[in-house]
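Source file: target-v5.cif; contents: mmCIF, C-alpha atoms.
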```cif
data_model
#
loop_
_atom_site.group_PDB
_atom_site.id
_atom_site.type_symbol
_atom_site.label_atom_id
_atom_site.label_comp_id
_atom_site.auth_asym_id
_atom_site.auth_seq_id
_atom_site.Cartn_x
_atom_site.Cartn_y
_atom_site.Cartn_z
ATOM 1 C CA MET A 1450 -1.768 -18.566 22.604
ATOM 2 C CA VAL A 1451 -3.574 -15.794 24.478
ATOM 3 C CA LEU A 1452 -0.746 -13.391 23.630
ATOM 4 C CA LEU A 1453 -0.954 -14.371 19.960
ATOM 5 C CA CYS A 1454 -4.721 -13.783 19.860
ATOM 6 C CA ASP A 1455 -4.299 -10.434 21.631
ATOM 7 C CA TYR A 1456 -1.606 -9.443 19.106
ATOM 8 C CA LEU A 1457 -3.777 -10.492 16.156
ATOM 9 C CA LEU A 1458 -6.769 -8.531 17.456
ATOM 10 C CA LYS A 1459 -4.637 -5.412 17.892
ATOM 11 C CA VAL A 1460 -3.271 -5.728 14.365
ATOM 12 C CA MET A 1461 -6.738 -6.204 12.888
ATOM 13 C CA ARG A 1462 -8.190 -3.355 14.958
ATOM 14 C CA ASN A 1463 -5.444 -1.000 13.769
ATOM 15 C CA ASN A 1464 -5.425 -2.099 10.138
ATOM 16 C CA MET A 1465 -6.930 1.192 8.967
ATOM 17 C CA THR A 1466 -4.084 3.180 10.555
ATOM 18 C CA LYS A 1467 -0.364 2.614 10.939
ATOM 19 C CA SER A 1468 0.262 -0.831 12.410
ATOM 20 C CA LYS A 1469 2.633 0.544 15.066
ATOM 21 C CA ILE A 1470 4.751 -2.559 14.588
ATOM 22 C CA LYS A 1471 8.384 -1.578 14.957
ATOM 23 C CA TRP A 1472 10.991 -2.800 12.487
ATOM 24 C CA LYS A 1473 12.899 -4.476 15.333
ATOM 25 C CA TRP A 1474 9.818 -6.700 15.936
ATOM 26 C CA ILE A 1475 9.625 -7.562 12.220
ATOM 27 C CA ILE A 1476 13.335 -8.426 12.161
ATOM 28 C CA LEU A 1477 13.013 -10.559 15.318
ATOM 29 C CA VAL A 1478 9.986 -12.466 13.964
ATOM 30 C CA THR A 1479 11.776 -12.960 10.630
ATOM 31 C CA ILE A 1480 14.942 -14.270 12.320
ATOM 32 C CA ILE A 1481 12.893 -16.678 14.457
ATOM 33 C CA PHE A 1482 10.984 -17.844 11.378
ATOM 34 C CA PHE A 1483 14.151 -18.501 9.378
ATOM 35 C CA ILE A 1484 15.986 -20.160 12.288
ATOM 36 C CA PHE A 1485 12.990 -22.404 12.895
ATOM 37 C CA SER A 1486 12.679 -23.140 9.160
ATOM 38 C CA SER A 1487 16.371 -23.868 8.634
ATOM 39 C CA LEU A 1488 17.206 -25.699 11.883
ATOM 40 C CA ALA A 1489 14.131 -27.188 13.562
ATOM 41 C CA PHE A 1490 12.163 -28.025 10.419
ATOM 42 C CA PRO A 1491 14.889 -30.189 8.800
ATOM 43 C CA GLN A 1492 15.495 -32.017 12.097
ATOM 44 C CA MET A 1493 11.783 -32.745 12.469
ATOM 45 C CA THR A 1494 11.599 -33.914 8.858
ATOM 46 C CA LYS A 1495 14.530 -36.265 9.460
ATOM 47 C CA TYR A 1496 12.920 -37.646 12.638
ATOM 48 C CA SER A 1497 9.584 -38.015 10.864
ATOM 49 C CA ASN A 1498 11.177 -39.873 7.934
ATOM 50 C CA GLU A 1499 12.966 -42.216 10.340
ATOM 51 C CA MET A 1500 9.772 -43.001 12.230
ATOM 52 C CA ILE A 1501 7.113 -43.074 9.500
ATOM 53 C CA GLY A 1502 9.226 -43.371 6.378
ATOM 54 C CA GLU A 1503 8.773 -41.323 3.242
ATOM 55 C CA SER A 1504 4.994 -41.860 3.320
ATOM 56 C CA ASN A 1505 2.555 -39.054 2.653
ATOM 57 C CA SER A 1506 1.399 -37.068 5.636
ATOM 58 C CA PRO A 1507 -1.982 -35.382 6.128
ATOM 59 C CA ASP A 1508 -0.387 -32.082 7.135
ATOM 60 C CA GLU A 1509 1.787 -32.033 4.003
ATOM 61 C CA SER A 1510 -0.984 -33.047 1.586
ATOM 62 C CA PHE A 1511 -3.115 -30.502 -0.230
ATOM 63 C CA ILE A 1512 -5.818 -32.935 -1.295
ATOM 64 C CA TYR A 1513 -6.480 -36.440 0.032
ATOM 65 C CA SER A 1514 -9.492 -38.575 0.807
ATOM 66 C CA PRO A 1515 -10.594 -40.258 4.053
ATOM 67 C CA SER A 1516 -9.515 -43.617 2.632
ATOM 68 C CA GLU A 1517 -6.061 -42.180 1.859
ATOM 69 C CA LEU A 1518 -5.896 -40.922 5.451
ATOM 70 C CA TYR A 1519 -6.547 -44.473 6.669
ATOM 71 C CA ASP A 1520 -3.924 -45.757 4.196
ATOM 72 C CA MET A 1521 -1.411 -43.313 5.713
ATOM 73 C CA ALA A 1522 -2.277 -44.533 9.216
ATOM 74 C CA GLU A 1523 -1.775 -48.145 8.128
ATOM 75 C CA SER A 1524 1.526 -47.432 6.338
ATOM 76 C CA TYR A 1525 2.960 -45.710 9.442
ATOM 77 C CA GLY A 1526 2.586 -48.769 11.645
ATOM 78 C CA GLU A 1527 1.985 -48.481 15.386
ATOM 79 C CA LEU A 1528 5.308 -46.809 16.217
ATOM 80 C CA GLY A 1529 4.957 -44.458 13.264
ATOM 81 C CA ARG A 1530 1.460 -43.413 14.352
ATOM 82 C CA GLU A 1531 2.747 -42.735 17.872
ATOM 83 C CA ALA A 1532 5.592 -40.638 16.432
ATOM 84 C CA TYR A 1533 3.161 -38.788 14.158
ATOM 85 C CA ILE A 1534 0.972 -37.869 17.149
ATOM 86 C CA LYS A 1535 4.018 -36.813 19.165
ATOM 87 C CA ILE A 1536 5.159 -34.494 16.351
ATOM 88 C CA ARG A 1537 1.678 -32.949 16.058
ATOM 89 C CA TRP A 1538 1.644 -32.030 19.757
ATOM 90 C CA THR A 1539 5.222 -30.777 20.056
ATOM 91 C CA PHE A 1540 6.722 -29.306 16.896
ATOM 92 C CA ASP A 1541 3.400 -28.628 15.183
ATOM 93 C CA LEU A 1542 2.134 -26.619 18.144
ATOM 94 C CA VAL A 1543 4.926 -24.087 17.617
ATOM 95 C CA TRP A 1544 5.263 -24.089 13.808
ATOM 96 C CA PRO A 1545 1.807 -22.596 13.014
ATOM 97 C CA ILE A 1546 2.415 -19.779 15.498
ATOM 98 C CA CYS A 1547 5.820 -19.154 13.933
ATOM 99 C CA TYR A 1548 4.621 -18.914 10.330
ATOM 100 C CA ALA A 1549 1.421 -17.021 11.234
ATOM 101 C CA LEU A 1550 3.364 -14.385 13.189
ATOM 102 C CA PHE A 1551 5.771 -14.036 10.270
ATOM 103 C CA LEU A 1552 2.957 -13.582 7.739
ATOM 104 C CA ILE A 1553 0.803 -11.296 9.888
ATOM 105 C CA SER A 1554 3.728 -9.107 10.918
ATOM 106 C CA TRP A 1555 4.953 -8.620 7.359
ATOM 107 C CA ILE A 1556 1.453 -8.041 5.972
ATOM 108 C CA ALA A 1557 0.797 -5.466 8.708
ATOM 109 C CA LYS A 1558 4.119 -3.686 8.248
ATOM 110 C CA LEU A 1559 3.969 -3.554 4.456
ATOM 111 C CA SER A 1560 0.376 -2.335 4.706
ATOM 112 C CA ASP A 1561 1.749 0.793 6.394
ATOM 113 C CA TYR A 1562 3.109 1.825 3.000
ATOM 114 C CA ILE A 1563 -0.111 1.238 1.052
ATOM 115 C CA SER A 1564 -2.309 4.299 0.601
ATOM 116 C CA ASP A 1565 -5.674 2.474 0.350
ATOM 117 C CA LYS A 1566 -5.721 0.293 3.466
ATOM 118 C CA ARG A 1567 -9.427 -0.513 3.085
ATOM 119 C CA ARG A 1568 -8.521 -3.114 0.478
ATOM 120 C CA LEU A 1569 -6.414 -4.921 3.077
ATOM 121 C CA ARG A 1570 -8.842 -4.950 5.993
ATOM 122 C CA PHE A 1571 -9.502 -8.689 5.594
ATOM 123 C CA ALA A 1572 -5.932 -9.678 4.671
ATOM 124 C CA TYR A 1573 -5.268 -10.905 8.216
ATOM 125 C CA ILE A 1574 -8.044 -13.469 7.969
ATOM 126 C CA PHE A 1575 -5.863 -15.720 5.797
ATOM 127 C CA PRO A 1576 -2.937 -16.218 8.224
ATOM 128 C CA LEU A 1577 -5.341 -16.351 11.164
ATOM 129 C CA ALA A 1578 -7.421 -19.008 9.384
ATOM 130 C CA SER A 1579 -4.280 -20.973 8.533
ATOM 131 C CA ILE A 1580 -3.282 -21.306 12.186
ATOM 132 C CA ILE A 1581 -6.824 -22.244 13.270
ATOM 133 C CA PHE A 1582 -7.216 -24.836 10.517
ATOM 134 C CA ASP A 1583 -3.700 -26.187 11.136
ATOM 135 C CA TYR A 1584 -4.643 -26.941 14.748
ATOM 136 C CA MET A 1585 -7.994 -28.407 13.668
ATOM 137 C CA GLU A 1586 -6.150 -30.617 11.178
ATOM 138 C CA ASN A 1587 -3.808 -31.783 13.950
ATOM 139 C CA ILE A 1588 -6.770 -32.699 16.159
ATOM 140 C CA GLY A 1589 -8.531 -34.614 13.370
ATOM 141 C CA ALA A 1590 -5.419 -36.469 12.197
ATOM 142 C CA THR A 1591 -4.488 -37.310 15.794
ATOM 143 C CA ILE A 1592 -7.902 -38.840 16.429
ATOM 144 C CA VAL A 1593 -7.680 -40.942 13.261
ATOM 145 C CA MET A 1594 -4.114 -42.087 14.044
ATOM 146 C CA ALA A 1595 -4.885 -42.844 17.700
ATOM 147 C CA ARG A 1596 -8.042 -44.853 16.906
ATOM 148 C CA TYR A 1597 -6.629 -46.768 13.933
ATOM 149 C CA PRO A 1598 -7.581 -49.508 12.884
ATOM 150 C CA LEU A 1599 -10.987 -48.378 14.156
ATOM 151 C CA LYS A 1600 -12.829 -46.011 11.828
ATOM 152 C CA SER A 1601 -13.235 -42.412 12.962
ATOM 153 C CA GLY A 1602 -16.374 -41.545 10.993
ATOM 154 C CA ILE A 1603 -16.997 -37.836 10.464
ATOM 155 C CA ILE A 1604 -13.538 -36.905 11.805
ATOM 156 C CA ALA A 1605 -11.865 -38.845 8.979
ATOM 157 C CA THR A 1606 -14.261 -37.215 6.507
ATOM 158 C CA ILE A 1607 -13.713 -33.599 7.579
ATOM 159 C CA THR A 1608 -9.955 -33.751 8.254
ATOM 160 C CA PRO A 1609 -9.067 -33.737 4.519
ATOM 161 C CA VAL A 1610 -11.392 -30.745 4.014
ATOM 162 C CA ILE A 1611 -9.724 -28.948 6.928
ATOM 163 C CA SER A 1612 -6.294 -29.674 5.418
ATOM 164 C CA PHE A 1613 -7.417 -28.223 2.087
ATOM 165 C CA VAL A 1614 -8.743 -25.037 3.752
ATOM 166 C CA LYS A 1615 -5.499 -24.720 5.738
ATOM 167 C CA TRP A 1616 -3.398 -24.854 2.572
ATOM 168 C CA VAL A 1617 -5.691 -22.393 0.753
ATOM 169 C CA SER A 1618 -5.305 -20.026 3.739
ATOM 170 C CA VAL A 1619 -1.519 -20.385 3.750
ATOM 171 C CA ALA A 1620 -1.354 -19.871 -0.017
ATOM 172 C CA GLY A 1621 -3.661 -16.848 0.275
ATOM 173 C CA SER A 1622 -1.413 -15.354 2.958
ATOM 174 C CA VAL A 1623 1.709 -15.807 0.858
ATOM 175 C CA LEU A 1624 -0.067 -14.413 -2.213
ATOM 176 C CA ILE A 1625 -1.140 -11.294 -0.261
ATOM 177 C CA LEU A 1626 2.446 -10.823 0.908
ATOM 178 C CA ILE A 1627 3.785 -11.185 -2.648
ATOM 179 C CA ILE A 1628 1.178 -8.735 -4.008
ATOM 180 C CA LEU A 1629 2.115 -6.209 -1.309
ATOM 181 C CA ILE A 1630 5.814 -6.513 -2.143
ATOM 182 C CA ILE A 1631 5.195 -6.159 -5.893
ATOM 183 C CA SER A 1632 2.840 -3.202 -5.312
ATOM 184 C CA LEU A 1633 5.429 -1.410 -3.209
ATOM 185 C CA ILE A 1634 8.202 -2.046 -5.741
ATOM 186 C CA LEU A 1635 6.026 -0.788 -8.606
ATOM 187 C CA ALA A 1636 4.992 2.295 -6.600
ATOM 188 C CA LYS A 1637 8.646 3.047 -5.841
ATOM 189 C CA PHE A 1638 9.608 2.791 -9.521
ATOM 190 C CA LYS A 1639 6.641 4.948 -10.489
ATOM 191 C CA ARG A 1640 7.693 7.678 -8.029
ATOM 192 C CA ALA A 1641 11.361 7.435 -9.104
ATOM 193 C CA LYS A 1642 10.532 7.675 -12.825
ATOM 194 C CA PRO A 1643 11.286 11.199 -14.056
ATOM 195 C CA GLU A 1644 8.456 13.072 -15.722
ATOM 196 C CA SER A 1645 9.020 13.883 -19.401
#
```

Here is a file; write its structure as structure tokens.
Amino acid sequence: MVLLCDYLLKVMRNNMTKSKIKWKWIILVTIIFFIFSSLAFPQMTKYSNEMIGESNSPDESFIYSPSELYDMAESYGELGREAYIKIRWTFDLVWPICYALFLISWIAKLSDYISDKRRLRFAYIFPLASIIFDYMENIGATIVMARYPLKSGIIATITPVISFVKWVSVAGSVLILIILIISLILAKFKRAKPES
């Protein structure tokens, strides 16, 4: 985690100049992301479905209420809640780091090819916020699941808000990445277009 924070600070500090991120790093992060997404993610989904069924999950829901969070906890049953907590503190410790590194690395590298970097100086806030809010969501949902059937008060109230902010941050990160890719493609076509 310390290494990730150090990396993120360096990227943000250097966002007005070349990122100095080598293509071999981008390729490595991308390979890790896709291996994790194609191998670990499906296995975790299968395990999760076996333990808690096809029920909704706080970390997969964009919008839900505190009462729906309690409904999820009830539908999981005791073994399902234990499995949910186990997943949050194993798989879901690594996954946010994996997707945040992927997004930050690609945003930083593609930013090298954009002439006006000032417009991108806050682009890294979105993937950084997504990882922070993902961990906060895990903490809140864990507390609710561990205490159920007891009520968790403010924790159950703010966890859905945290989930919403996490998903907005993830969507913002992906949108920035898409805009960068489209901008670079359009710039390339504009340069390649012969003058009449």

Legend entry - Pick from A:Ala1620, A:Cys1547, A:Leu1528, A:Ile1470, whichever lies nearest to Met1594 in chain A using all atoms listed in the file: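 With all atoms listed in the file as the atom set, the closest residue is A:Leu1528.
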
Just say which residues the PyMOL selection byres ((chain A and resi 1553) around 10) picks in this file, as a compact mmCIF listing (two decimals) with C-alpha atoms, in the coordinates of the input.
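File expr29.txt, as written:
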```
# COMPACT_ATOMS: atom_id res chain seq x y z
CA TYR A 1456 -1.61 -9.44 19.11
CA LEU A 1457 -3.78 -10.49 16.16
CA VAL A 1460 -3.27 -5.73 14.36
CA MET A 1461 -6.74 -6.20 12.89
CA ILE A 1475 9.62 -7.56 12.22
CA TYR A 1548 4.62 -18.91 10.33
CA ALA A 1549 1.42 -17.02 11.23
CA LEU A 1550 3.36 -14.38 13.19
CA PHE A 1551 5.77 -14.04 10.27
CA LEU A 1552 2.96 -13.58 7.74
CA SER A 1554 3.73 -9.11 10.92
CA TRP A 1555 4.95 -8.62 7.36
CA ILE A 1556 1.45 -8.04 5.97
CA ALA A 1557 0.80 -5.47 8.71
CA LYS A 1558 4.12 -3.69 8.25
CA LEU A 1559 3.97 -3.55 4.46
CA ALA A 1572 -5.93 -9.68 4.67
CA TYR A 1573 -5.27 -10.90 8.22
CA ILE A 1574 -8.04 -13.47 7.97
CA PHE A 1575 -5.86 -15.72 5.80
CA PRO A 1576 -2.94 -16.22 8.22
CA LEU A 1577 -5.34 -16.35 11.16
CA SER A 1622 -1.41 -15.35 2.96
CA LEU A 1626 2.45 -10.82 0.91
```

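Every protein or nucleic acid residue with an atom no more than 10 Å from Ser1510 in chain A, counting only C-alpha atoms and leaving out same-chain residues fewer than 6 positions away, appears here: Pro1609, Ser1612, Phe1613 and Trp1616 of chain A.
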
Inset, instruction - Report as JSON, numbers by chain the full result of the PyMOL selection byres ((chain A and resi 1501-1505) around 9) when it is applied to this structure. - result: {"A": [1496, 1497, 1498, 1499, 1500, 1506, 1507, 1508, 1509, 1510, 1521, 1524, 1525, 1526, 1528, 1529, 1530, 1532, 1533]}

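For the pair CA of Leu1542 in chain A and CA of Ala1590 in chain A, the interatomic distance is 13.8 Å.
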
Inset, instruction - Rank nothing, just name the residue among A:Ser1564, A:Glu1523, A:Val1478, A:Lys1471 nearest to Leu1633 in chain A, using only C-alpha atoms. - result: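 Distance minimum relative to Leu1633 in chain A lands on A:Ser1564.
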
Inset, instruction - Rounded to one decimal place, report the CA of Ile1603 in chain A-CA of Ile1581 in chain A distance in Å. - result: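 Taking CA of Ile1603 in chain A and CA of Ile1581 in chain A, their separation equals 18.8 Å.
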
Inset, instruction - Measuring atom to atom with only C-alpha atoms, identify which of A:Ile1634, A:Ile1588, A:Ile1625, A:Ala1578 is nearest to Ile1607 in chain A. - result: A:Ile1588

Evaluate the PyMOL selection byres ((chain A and resi 1597) around 10) on the structure here and hand back the selected residues as a PDB file with C-alpha atoms, in the frame of the given file.
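As a result, part12.pdb now contains:
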```pdb
ATOM      1  CA  TYR A1519      -6.547 -44.473   6.669  1.00  0.00           C
ATOM      2  CA  ALA A1522      -2.277 -44.533   9.216  1.00  0.00           C
ATOM      3  CA  GLU A1523      -1.775 -48.145   8.128  1.00  0.00           C
ATOM      4  CA  GLY A1526       2.586 -48.769  11.645  1.00  0.00           C
ATOM      5  CA  GLU A1527       1.985 -48.481  15.386  1.00  0.00           C
ATOM      6  CA  ARG A1530       1.460 -43.413  14.352  1.00  0.00           C
ATOM      7  CA  THR A1591      -4.488 -37.310  15.794  1.00  0.00           C
ATOM      8  CA  ILE A1592      -7.902 -38.840  16.429  1.00  0.00           C
ATOM      9  CA  VAL A1593      -7.680 -40.942  13.261  1.00  0.00           C
ATOM     10  CA  MET A1594      -4.114 -42.087  14.044  1.00  0.00           C
ATOM     11  CA  ALA A1595      -4.885 -42.844  17.700  1.00  0.00           C
ATOM     12  CA  ARG A1596      -8.042 -44.853  16.906  1.00  0.00           C
ATOM     13  CA  PRO A1598      -7.581 -49.508  12.884  1.00  0.00           C
ATOM     14  CA  LEU A1599     -10.987 -48.378  14.156  1.00  0.00           C
ATOM     15  CA  LYS A1600     -12.829 -46.011  11.828  1.00  0.00           C
ATOM     16  CA  SER A1601     -13.235 -42.412  12.962  1.00  0.00           C
TER      17      SER A1601
END
```

Legend entry - Counting only C-alpha atoms, the residue of A:Ile1604, A:Ile1536, A:Ile1484, A:Leu1629 that sits nearest Arg1568 in chain A: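 Looking at the shortest contact to Arg1568 in chain A, the residue is A:Leu1629.
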
Legend entry - Interatomic distance (Å, one decimal) between CA of Phe1482 in chain A and CA of Lys1637 in chain A: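 These atoms are spaced 27.2 Å apart.
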
Inset, instruction - Give the answer as one residue: which of A:Thr1539, A:Ser1514, A:Ser1486, A:Thr1479 has the shortest atom-to-atom distance to Thr1608 in chain A, using all atoms listed in the file? - result: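 Going through A:Thr1539, A:Ser1514, A:Ser1486, A:Thr1479 one by one, the smallest distance to Thr1608 in chain A is for A:Ser1514.
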